[in-house]
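The data block below is protein23.pdb; it holds PDB, C-alpha atoms and all ligand atoms.
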```
ATOM      1  CA  MET A   1       0.000   0.000   0.000
ATOM      2  CA  GLY A   2       1.107   3.514  -0.695
ATOM      3  CA  LYS A   3       1.746   6.246   1.784
ATOM      4  CA  VAL A   4      -0.471   8.900   0.239
ATOM      5  CA  LEU A   5      -3.844   8.970   2.016
ATOM      6  CA  PHE A   6      -7.234   9.876   0.552
ATOM      7  CA  GLY A   7     -10.647  10.958   1.746
ATOM      8  CA  PRO A   8     -13.485  13.443   1.331
ATOM      9  CA  ALA A   9     -14.313  16.827   2.803
ATOM     10  CA  GLY A  10     -17.766  16.310   4.276
ATOM     11  CA  ASN A  11     -20.297  13.657   3.316
ATOM     12  CA  SER A  12     -21.093  12.781  -0.302
ATOM     13  CA  LEU A  13     -24.630  13.074  -1.645
ATOM     14  CA  SER A  14     -24.650   9.255  -1.946
ATOM     15  CA  PHE A  15     -24.111   8.958   1.835
ATOM     16  CA  TYR A  16     -27.422  10.766   2.434
ATOM     17  CA  GLU A  17     -29.133   8.968  -0.446
ATOM     18  CA  GLU A  18     -28.367   5.671   1.281
ATOM     19  CA  GLY A  19     -30.453   6.985   4.178
ATOM     20  CA  LEU A  20     -27.551   7.854   6.475
ATOM     21  CA  LYS A  21     -27.687  11.109   8.412
ATOM     22  CA  SER A  22     -25.098  11.349  11.152
ATOM     23  CA  THR A  23     -21.343  11.837  10.857
ATOM     24  CA  LEU A  24     -21.144   9.075  13.490
ATOM     25  CA  GLU A  25     -22.038   6.744  10.591
ATOM     26  CA  THR A  26     -19.405   8.200   8.268
ATOM     27  CA  PRO A  27     -16.319   6.172   9.269
ATOM     28  CA  MET A  28     -18.017   2.807   8.734
ATOM     29  CA  TRP A  29     -19.345   4.057   5.373
ATOM     30  CA  LEU A  30     -15.915   5.332   4.292
ATOM     31  CA  LYS A  31     -14.356   1.938   5.046
ATOM     32  CA  LYS A  32     -16.760   0.334   2.544
ATOM     33  CA  GLN A  33     -15.910   2.686  -0.316
ATOM     34  CA  GLY A  34     -13.733   1.350  -3.133
ATOM     35  CA  LYS A  35     -14.970  -2.236  -2.625
ATOM     36  CA  GLY A  36     -13.847  -4.438  -5.498
ATOM     37  CA  LEU A  37     -11.150  -1.926  -6.444
ATOM     38  CA  PHE A  38      -8.893  -1.954  -3.375
ATOM     39  CA  GLU A  39      -8.843  -3.090   0.245
ATOM     40  CA  GLY A  40      -9.496  -0.987   3.318
ATOM     41  CA  GLY A  41     -11.655   1.807   1.953
ATOM     42  CA  LEU A  42     -10.769   5.469   2.355
ATOM     43  CA  ASP A  43      -8.270   6.881   4.864
ATOM     44  CA  LEU A  44      -9.220  10.457   5.740
ATOM     45  CA  PHE A  45     -12.121  12.790   6.491
ATOM     46  CA  GLU A  46     -12.138  16.573   6.746
ATOM     47  CA  TYR A  47     -14.837  18.091   8.927
ATOM     48  CA  SER A  48     -15.809  21.646   8.010
ATOM     49  CA  PHE A  49     -16.437  24.358  10.590
ATOM     50  CA  GLY A  50     -16.532  26.822   7.678
ATOM     51  CA  GLN A  51     -19.721  28.457   8.947
ATOM     52  CA  GLY A  52     -18.586  28.447  12.586
ATOM     53  CA  PHE A  53     -18.203  25.989  15.459
ATOM     54  CA  ARG A  54     -21.712  24.597  15.704
ATOM     55  CA  MET A  55     -21.008  21.549  17.837
ATOM     56  CA  THR A  56     -20.465  20.683  21.476
ATOM     57  CA  SER A  57     -17.086  19.293  22.485
ATOM     58  CA  GLU A  58     -18.862  16.176  23.843
ATOM     59  CA  LYS A  59     -20.288  15.483  20.390
ATOM     60  CA  ALA A  60     -16.871  16.107  18.816
ATOM     61  CA  LYS A  61     -15.291  13.595  21.195
ATOM     62  CA  GLU A  62     -17.980  11.019  20.328
ATOM     63  CA  ILE A  63     -17.401  11.531  16.580
ATOM     64  CA  GLY A  64     -13.619  11.454  17.020
ATOM     65  CA  ASP A  65     -13.822   8.137  18.908
ATOM     66  CA  LYS A  66     -15.803   6.580  16.037
ATOM     67  CA  PHE A  67     -13.219   7.676  13.483
ATOM     68  CA  LYS A  68     -10.437   6.277  15.675
ATOM     69  CA  GLU A  69     -12.296   2.967  15.964
ATOM     70  CA  PHE A  70     -12.269   2.636  12.160
ATOM     71  CA  GLY A  71      -8.733   3.970  11.739
ATOM     72  CA  ILE A  72      -9.676   7.048   9.737
ATOM     73  CA  GLU A  73      -7.692  10.204  10.353
ATOM     74  CA  MET A  74      -9.631  13.456  10.730
ATOM     75  CA  SER A  75      -8.699  17.007   9.855
ATOM     76  CA  ILE A  76     -10.840  20.081  10.353
ATOM     77  CA  HIS A  77     -11.475  23.207   8.290
ATOM     78  CA  ALA A  78     -11.571  26.420  10.351
ATOM     79  CA  PRO A  79     -14.272  29.103   9.865
ATOM     80  CA  TYR A  80     -14.124  31.133   6.651
ATOM     81  CA  PHE A  81     -14.319  34.369   8.697
ATOM     82  CA  ILE A  82     -10.624  34.261   9.634
ATOM     83  CA  ASN A  83      -8.695  37.200   8.204
ATOM     84  CA  PHE A  84      -5.277  37.896   9.682
ATOM     85  CA  ALA A  85      -4.720  40.715   7.171
ATOM     86  CA  ASN A  86      -7.577  42.801   8.572
ATOM     87  CA  PRO A  87      -5.949  45.888  10.154
ATOM     88  CA  ASP A  88      -8.668  46.122  12.871
ATOM     89  CA  PRO A  89      -7.188  44.734  16.133
ATOM     90  CA  VAL A  90     -10.629  43.455  17.234
ATOM     91  CA  MET A  91     -10.877  41.377  14.041
ATOM     92  CA  TYR A  92      -7.343  40.118  14.614
ATOM     93  CA  GLU A  93      -8.300  38.912  18.091
ATOM     94  CA  LYS A  94     -11.431  37.224  16.643
ATOM     95  CA  SER A  95      -9.373  35.404  13.997
ATOM     96  CA  LEU A  96      -6.998  34.204  16.682
ATOM     97  CA  GLY A  97     -10.003  33.087  18.752
ATOM     98  CA  TYR A  98     -11.168  30.864  15.869
ATOM     99  CA  ILE A  99      -7.729  29.229  15.770
ATOM    100  CA  ARG A 100      -7.754  28.656  19.555
ATOM    101  CA  THR A 101     -11.277  27.166  19.439
ATOM    102  CA  GLY A 102     -10.249  25.092  16.428
ATOM    103  CA  ILE A 103      -7.412  23.572  18.465
ATOM    104  CA  LYS A 104      -9.928  22.566  21.158
ATOM    105  CA  PHE A 105     -11.961  20.749  18.497
ATOM    106  CA  MET A 106      -8.827  19.152  17.046
ATOM    107  CA  ASN A 107      -8.135  17.744  20.516
ATOM    108  CA  ALA A 108     -11.734  16.549  20.955
ATOM    109  CA  PHE A 109     -11.708  14.833  17.524
ATOM    110  CA  GLY A 110      -8.133  13.625  17.832
ATOM    111  CA  ALA A 111      -7.462  15.548  14.587
ATOM    112  CA  LYS A 112      -3.894  16.473  13.702
ATOM    113  CA  ARG A 113      -4.469  19.179  11.093
ATOM    114  CA  MET A 114      -6.546  22.343  10.836
ATOM    115  CA  VAL A 115      -6.881  23.953   7.414
ATOM    116  CA  PHE A 116      -7.642  27.680   7.287
ATOM    117  CA  HIS A 117      -7.809  30.620   4.887
ATOM    118  CA  PRO A 118      -5.206  33.107   6.164
ATOM    119  CA  GLY A 119      -6.687  36.380   4.936
ATOM    120  CA  SER A 120      -7.556  38.712   2.116
ATOM    121  CA  CYS A 121      -6.281  42.058   0.885
ATOM    122  CA  GLY A 122      -9.387  44.143   1.576
ATOM    123  CA  LYS A 123      -8.619  47.764   0.730
ATOM    124  CA  MET A 124      -4.873  47.379   1.193
ATOM    125  CA  GLU A 125      -2.185  46.971  -1.412
ATOM    126  CA  ARG A 126      -1.297  43.277  -1.685
ATOM    127  CA  SER A 127       2.280  43.740  -0.424
ATOM    128  CA  GLU A 128       1.032  45.706   2.596
ATOM    129  CA  ALA A 129      -1.617  43.069   3.439
ATOM    130  CA  VAL A 130       0.879  40.220   3.125
ATOM    131  CA  GLY A 131       3.344  42.177   5.308
ATOM    132  CA  LEU A 132       0.726  42.668   8.047
ATOM    133  CA  LEU A 133      -0.271  38.994   7.850
ATOM    134  CA  ARG A 134       3.349  37.885   8.295
ATOM    135  CA  GLU A 135       3.884  40.254  11.228
ATOM    136  CA  ARG A 136       0.897  38.779  13.017
ATOM    137  CA  PHE A 137       1.956  35.191  12.391
ATOM    138  CA  VAL A 138       5.377  36.016  13.855
ATOM    139  CA  GLU A 139       3.577  37.491  16.875
ATOM    140  CA  PHE A 140       1.013  34.748  17.607
ATOM    141  CA  MET A 141       2.723  31.543  16.490
ATOM    142  CA  PRO A 142       4.783  31.057  19.699
ATOM    143  CA  GLU A 143       1.532  30.877  21.721
ATOM    144  CA  ILE A 144      -0.195  28.600  19.169
ATOM    145  CA  GLU A 145       2.880  26.339  18.904
ATOM    146  CA  ALA A 146       2.662  25.737  22.650
ATOM    147  CA  GLU A 147      -0.994  24.690  22.323
ATOM    148  CA  LEU A 148      -0.385  22.228  19.478
ATOM    149  CA  GLY A 149       0.521  18.726  20.607
ATOM    150  CA  ALA A 150       2.924  16.344  18.882
ATOM    151  CA  GLU A 151       2.302  15.940  15.141
ATOM    152  CA  MET A 152      -0.392  18.661  15.207
ATOM    153  CA  PHE A 153      -0.256  21.440  12.613
ATOM    154  CA  ILE A 154      -2.239  24.413  11.447
ATOM    155  CA  CYS A 155      -2.361  24.497   7.668
ATOM    156  CA  PRO A 156      -2.808  27.754   5.703
ATOM    157  CA  GLU A 157      -4.369  27.077   2.315
ATOM    158  CA  THR A 158      -3.577  28.258  -1.215
ATOM    159  CA  MET A 159      -6.579  30.277  -2.368
ATOM    160  CA  GLY A 160      -8.503  30.533  -5.632
ATOM    161  CA  LYS A 161      -9.575  34.190  -5.813
ATOM    162  CA  SER A 162      -7.285  37.070  -6.676
ATOM    163  CA  MET A 163      -8.223  39.242  -3.641
ATOM    164  CA  GLN A 164      -7.377  36.444  -1.211
ATOM    165  CA  ILE A 165      -3.854  35.984   0.146
ATOM    166  CA  GLY A 166      -2.659  32.525  -0.776
ATOM    167  CA  THR A 167      -0.654  32.026  -3.952
ATOM    168  CA  PHE A 168       1.493  28.923  -3.504
ATOM    169  CA  LYS A 169       4.548  31.121  -2.912
ATOM    170  CA  GLU A 170       2.737  33.277  -0.324
ATOM    171  CA  ILE A 171       1.639  30.151   1.572
ATOM    172  CA  ILE A 172       5.050  28.477   1.472
ATOM    173  CA  ASP A 173       6.791  31.721   2.524
ATOM    174  CA  LEU A 174       4.303  32.084   5.397
ATOM    175  CA  CYS A 175       5.043  28.532   6.567
ATOM    176  CA  THR A 176       8.739  29.413   6.992
ATOM    177  CA  ILE A 177       7.676  31.334  10.143
ATOM    178  CA  SER A 178       7.039  28.183  12.229
ATOM    179  CA  ASP A 179       7.554  24.413  12.036
ATOM    180  CA  LYS A 180       3.927  24.038  13.195
ATOM    181  CA  LEU A 181       2.672  25.573   9.930
ATOM    182  CA  LEU A 182       2.065  22.957   7.265
ATOM    183  CA  PRO A 183       1.050  24.090   3.764
ATOM    184  CA  THR A 184      -2.321  23.114   2.283
ATOM    185  CA  PHE A 185      -1.919  22.916  -1.474
ATOM    186  CA  ASP A 186      -5.358  23.281  -3.000
ATOM    187  CA  PHE A 187      -4.518  22.475  -6.604
ATOM    188  CA  GLY A 188      -8.006  23.338  -7.848
ATOM    189  CA  HIS A 189      -7.515  26.824  -6.349
ATOM    190  CA  ILE A 190      -4.000  27.194  -7.758
ATOM    191  CA  ASN A 191      -5.260  26.180 -11.208
ATOM    192  CA  ALA A 192      -8.265  28.522 -11.014
ATOM    193  CA  LEU A 193      -6.223  31.499  -9.832
ATOM    194  CA  THR A 194      -3.683  31.027 -12.632
ATOM    195  CA  GLN A 195      -6.251  30.488 -15.392
ATOM    196  CA  GLY A 196      -5.520  26.810 -15.863
ATOM    197  CA  SER A 197      -1.721  26.796 -15.541
ATOM    198  CA  LEU A 198      -1.531  23.209 -14.163
ATOM    199  CA  LYS A 199      -1.269  21.339 -17.460
ATOM    200  CA  THR A 200       1.604  18.876 -17.012
ATOM    201  CA  PRO A 201       3.288  16.942 -14.159
ATOM    202  CA  ASP A 202       6.109  19.513 -14.259
ATOM    203  CA  ASP A 203       3.639  22.252 -13.314
ATOM    204  CA  PHE A 204       2.963  20.368 -10.050
ATOM    205  CA  GLN A 205       6.639  19.514  -9.559
ATOM    206  CA  ARG A 206       7.569  23.211  -9.696
ATOM    207  CA  ILE A 207       5.292  23.942  -6.724
ATOM    208  CA  PHE A 208       6.676  21.067  -4.639
ATOM    209  CA  ASP A 209      10.247  22.072  -5.601
ATOM    210  CA  TYR A 210       9.681  25.554  -4.165
ATOM    211  CA  SER A 211       8.345  23.919  -0.992
ATOM    212  CA  PHE A 212      11.274  21.450  -0.764
ATOM    213  CA  GLU A 213      13.632  24.417  -1.034
ATOM    214  CA  LYS A 214      11.893  26.613   1.574
ATOM    215  CA  LEU A 215      10.309  24.126   4.016
ATOM    216  CA  GLY A 216      12.426  21.019   3.587
ATOM    217  CA  GLU A 217      11.542  17.408   3.022
ATOM    218  CA  PHE A 218       9.233  16.558   5.927
ATOM    219  CA  ARG A 219       6.669  19.329   5.564
ATOM    220  CA  THR A 220       6.637  19.030   1.770
ATOM    221  CA  LYS A 221       6.222  15.256   1.641
ATOM    222  CA  ASN A 222       3.553  15.349   4.359
ATOM    223  CA  ALA A 223       1.686  18.387   3.044
ATOM    224  CA  GLN A 224      -2.096  18.658   3.221
ATOM    225  CA  VAL A 225      -3.644  18.667  -0.263
ATOM    226  CA  HIS A 226      -7.099  19.652  -1.452
ATOM    227  CA  PHE A 227      -7.968  18.320  -4.864
ATOM    228  CA  SER A 228     -11.015  19.025  -6.978
ATOM    229  CA  LYS A 229     -11.787  20.413 -10.402
ATOM    230  CA  ILE A 230     -12.863  24.044 -10.187
ATOM    231  CA  GLU A 231     -14.561  26.318 -12.703
ATOM    232  CA  TYR A 232     -12.834  29.695 -13.011
ATOM    233  CA  GLY A 233     -13.167  33.116 -14.616
ATOM    234  CA  ALA A 234     -10.953  36.196 -14.884
ATOM    235  CA  LYS A 235     -10.877  36.679 -11.081
ATOM    236  CA  GLY A 236     -10.250  33.009 -10.345
ATOM    237  CA  GLU A 237     -12.454  30.426  -8.630
ATOM    238  CA  ILE A 238     -16.178  30.269  -9.499
ATOM    239  CA  ARG A 239     -17.348  26.867  -8.255
ATOM    240  CA  HIS A 240     -16.299  23.329  -7.394
ATOM    241  CA  LEU A 241     -17.044  20.685 -10.057
ATOM    242  CA  THR A 242     -16.785  16.876 -10.062
ATOM    243  CA  PHE A 243     -14.337  14.549 -11.814
ATOM    244  CA  ALA A 244     -16.861  14.384 -14.684
ATOM    245  CA  ASP A 245     -15.540  17.807 -15.756
ATOM    246  CA  THR A 246     -13.233  17.739 -18.793
ATOM    247  CA  VAL A 247     -12.917  21.507 -19.343
ATOM    248  CA  TYR A 248     -11.283  23.160 -16.310
ATOM    249  CA  GLY A 249      -9.075  20.582 -14.603
ATOM    250  CA  PRO A 250      -6.573  20.030 -13.122
ATOM    251  CA  ASN A 251      -5.947  16.345 -13.871
ATOM    252  CA  PHE A 252      -5.186  14.091 -10.947
ATOM    253  CA  GLU A 253      -3.025  11.817 -13.173
ATOM    254  CA  HIS A 254      -0.447  14.620 -13.448
ATOM    255  CA  LEU A 255      -0.295  15.169  -9.680
ATOM    256  CA  CYS A 256      -0.180  11.405  -9.150
ATOM    257  CA  GLU A 257       2.929  11.023 -11.291
ATOM    258  CA  VAL A 258       4.690  13.618  -9.126
ATOM    259  CA  LEU A 259       3.488  12.009  -5.852
ATOM    260  CA  VAL A 260       4.959   8.663  -6.883
ATOM    261  CA  LYS A 261       8.185  10.091  -8.313
ATOM    262  CA  ASN A 262       8.930  12.087  -5.133
ATOM    263  CA  ASP A 263       7.848   9.311  -2.751
ATOM    264  CA  MET A 264       5.311  11.647  -1.124
ATOM    265  CA  SER A 265       3.089  10.987   1.934
ATOM    266  CA  CYS A 266       0.544  13.779   1.375
ATOM    267  CA  HIS A 267      -2.989  13.731   2.766
ATOM    268  CA  ILE A 268      -5.347  14.312  -0.151
ATOM    269  CA  ILE A 269      -8.800  15.651   0.610
ATOM    270  CA  CYS A 270     -11.329  15.730  -2.212
ATOM    271  CA  GLU A 271     -13.683  18.702  -2.324
ATOM    272  CA  SER A 272     -15.717  17.746  -5.382
ATOM    273  CA  SER A 273     -19.292  18.942  -5.248
ATOM    274  CA  GLU A 274     -21.457  16.022  -3.974
ATOM    275  CA  THR A 275     -19.153  13.235  -5.271
ATOM    276  CA  GLN A 276     -16.179  13.824  -2.958
ATOM    277  CA  ALA A 277     -16.064  10.217  -1.667
ATOM    278  CA  GLU A 278     -16.474   8.722  -5.156
ATOM    279  CA  ASP A 279     -13.743  10.994  -6.531
ATOM    280  CA  SER A 280     -11.496  10.111  -3.579
ATOM    281  CA  VAL A 281     -11.939   6.446  -4.544
ATOM    282  CA  ALA A 282     -11.040   7.289  -8.154
ATOM    283  CA  MET A 283      -7.862   9.076  -7.006
ATOM    284  CA  LYS A 284      -6.828   6.303  -4.637
ATOM    285  CA  GLN A 285      -7.296   3.720  -7.371
ATOM    286  CA  ILE A 286      -5.191   5.712  -9.854
ATOM    287  CA  TYR A 287      -2.498   6.167  -7.193
ATOM    288  CA  LEU A 288      -2.380   2.472  -6.185
ATOM    289  CA  GLN A 289      -2.212   1.436  -9.837
ATOM    290  CA  SER A 290       0.642   3.809 -10.589
ATOM    291  CA  LEU A 291       2.622   2.423  -7.638
ATOM    292  CA  GLN A 292       2.563  -0.981  -9.345
ATOM    293  CA  LYS A 293       3.944   0.312 -12.640
TER
HETATM  294 ZN    ZN B 301     -10.575  25.959   2.204
END
```
Rewrite the coordinates I just gave you, this time as structure tokens.
Amino acid sequence: MGKVLFGPAGNSLSFYEEGLKSTLETPMWLKKQGKGLFEGGLDLFEYSFGQGFRMTSEKAKEIGDKFKEFGIEMSIHAPYFINFANPDPVMYEKSLGYIRTGIKFMNAFGAKRMVFHPGSCGKMERSEAVGLLRERFVEFMPEIEAELGAEMFICPETMGKSMQIGTFKEIIDLCTISDKLLPTFDFGHINALTQGSLKTPDDFQRIFDYSFEKLGEFRTKNAQVHFSKIEYGAKGEIRHLTFADTVYGPNFEHLCEVLVKNDMSCHIICESSETQAEDSVAMKQIYLQSLQK
């Protein structure tokens, strides 16, 4: 078996269509996916707190225990309201509060990784916004580092819209501030932001090479990855598609070649619209087959 792990962000439409309702039922369902194609089902699940932390910590513990029982690793997605480039000190404190609360939920779930959107430019010049964002990370990371247990990371994500901070270089440069920052490479976002620039395996290799150079081997090989096909326009991301898309890309086969060649151990979360578990199965199958070549 390979070292790259796969799983969905949230529950697929098919999960609900089979009559299931609760995330407590998700781990058993994930273990059954890919039957007839490979053993052991899917490996990962990302739980979204995008709209806020609407859960008790007791419930989170109960869900986390179920995932542990089935050997599926959880990650969480922090609220979308985080913006460390907002000059307002009250908003800065709120963003930091979301990270602190997120860590509590990571502990309750037993999750090791929290993905988050670092910030957006607002009315500032991009360079000014990125400068402010970096300053704040330098300021708060010592406290956050102390709260993160062994093998726990917070994972700023590459973003798909031009006003958001999060080109792959901005994210990798940000992660140089602390060893507890692990990059999230959302290749659908990167492709959308750059008008479809991910066309060959080399286009993926270039991104990992920059990360190898700046962050070293461990954090690059173990990076968090979001993968889905995303429709884009002049300002970047418009909406998430499924693997049925043949227009926008990117192609998983190209990323897969690079994962195998570099002996990567990335965690790949699929964010397809409604078919995220099915598309995770498709990716895992392609990956396992390419390991045998
Ligand atoms: Zn995200």
Applying the PyMOL selection byres (((not hetatm)) within 9 of (chain B and resi 301)) to the file I just gave you, which residues come out? Please list them as a list in words.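 Checked against the file, the PyMOL selection byres (((not hetatm)) within 9 of (chain B and resi 301)) matches Ser48, Gly50, His77, Ala78, Tyr80, Val115, Phe116, His117, Pro156, Glu157, Thr158, Met159, Thr184, Asp186 and His226 of chain A.
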Compute the distance from (-7.0, 45.3, 0.6) to each atom, counting all atoms listed in the file, keep the residues with any atom at most 10 Å away, and return them as a PyMOL selection string; use the coordinates of the file. chain A and resi 85-87+119-130+163-165
Closest of A:Val258, A:Ala223, A:Leu96, A:Ile230 to Ile172 in chain A, counting all atoms listed in the file, is A:Ala223
Please compute the CA of Phe227 in chain A-CA of His254 in chain A distance, one decimal, in Å.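 If I compute the distance from CA of Phe227 in chain A to CA of His254 in chain A, I get 12.0 Å.
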Starting from the shown file, work through the PyMOL selection byres (((chain A and resi 242) around 6) and not hetatm) and note down what comes out as a ChimeraX atom specification. /A:241,243-245,272-273
Please enumerate the residues selected by the PyMOL selection byres (((chain A and resi 52) around 12) and not hetatm) when evaluated against the supplied file, formatted as a ChimeraX atom specification. /A:47-51,53-56,76-82,95,97-99,101-102,105
Which residues, written as a list in words, have at least one atom at most 6 Å from Met152 in chain A, with only C-alpha atoms counted and residues fewer than 4 positions away on the same chain left out? Lys112, Arg113 and Leu148 of chain A
Neighbourhood query: residues within 7 Å of (1.8, 20.0, 2.1), file coordinates, counting all atoms listed in the file; return as a list in words.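 Taken together, the residues in range are Leu182, Pro183, Thr184, Phe185, Arg219, Thr220, Lys221, Asn222, Ala223, Gln224, Val225 and Cys266 of chain A.
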Near Gly149 in chain A, counting all atoms listed in the file, which residues have an atom at most 12 Å away, once you skip same-chain residues fewer than 2 positions from it, shown as a ChimeraX atom specification? /A:103-104,106-107,110-113,144-147,151-154,180
Which polymer residues have any atom within 7 Å of an atom of Ser162 in chain A, counting all atoms listed in the file, with same-chain residues fewer than 5 positions away left out, as JSON, numbers by chain? {"A": [193, 235, 236]}
Long-range neighbours of Glu139 in chain A as JSON, numbers by chain, 12 Å cut-off, all atoms listed in the file, 3 positions minimum in chain: {"A": [84, 92, 96, 132, 133, 134, 135, 136, 142, 143, 144, 145, 177, 178]}
For CA of Ile269 in chain A and CA of Asp209 in chain A, the interatomic separation in Å (one decimal):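 Pair CA of Ile269 in chain A / CA of Asp209 in chain A returns 21.0 Å.
If only C-alpha atoms are the atoms counted, then among A:Leu255, A:Ala108, A:Leu174, A:Ile238 the closest residue to Gln205 in chain A is A:Leu255.
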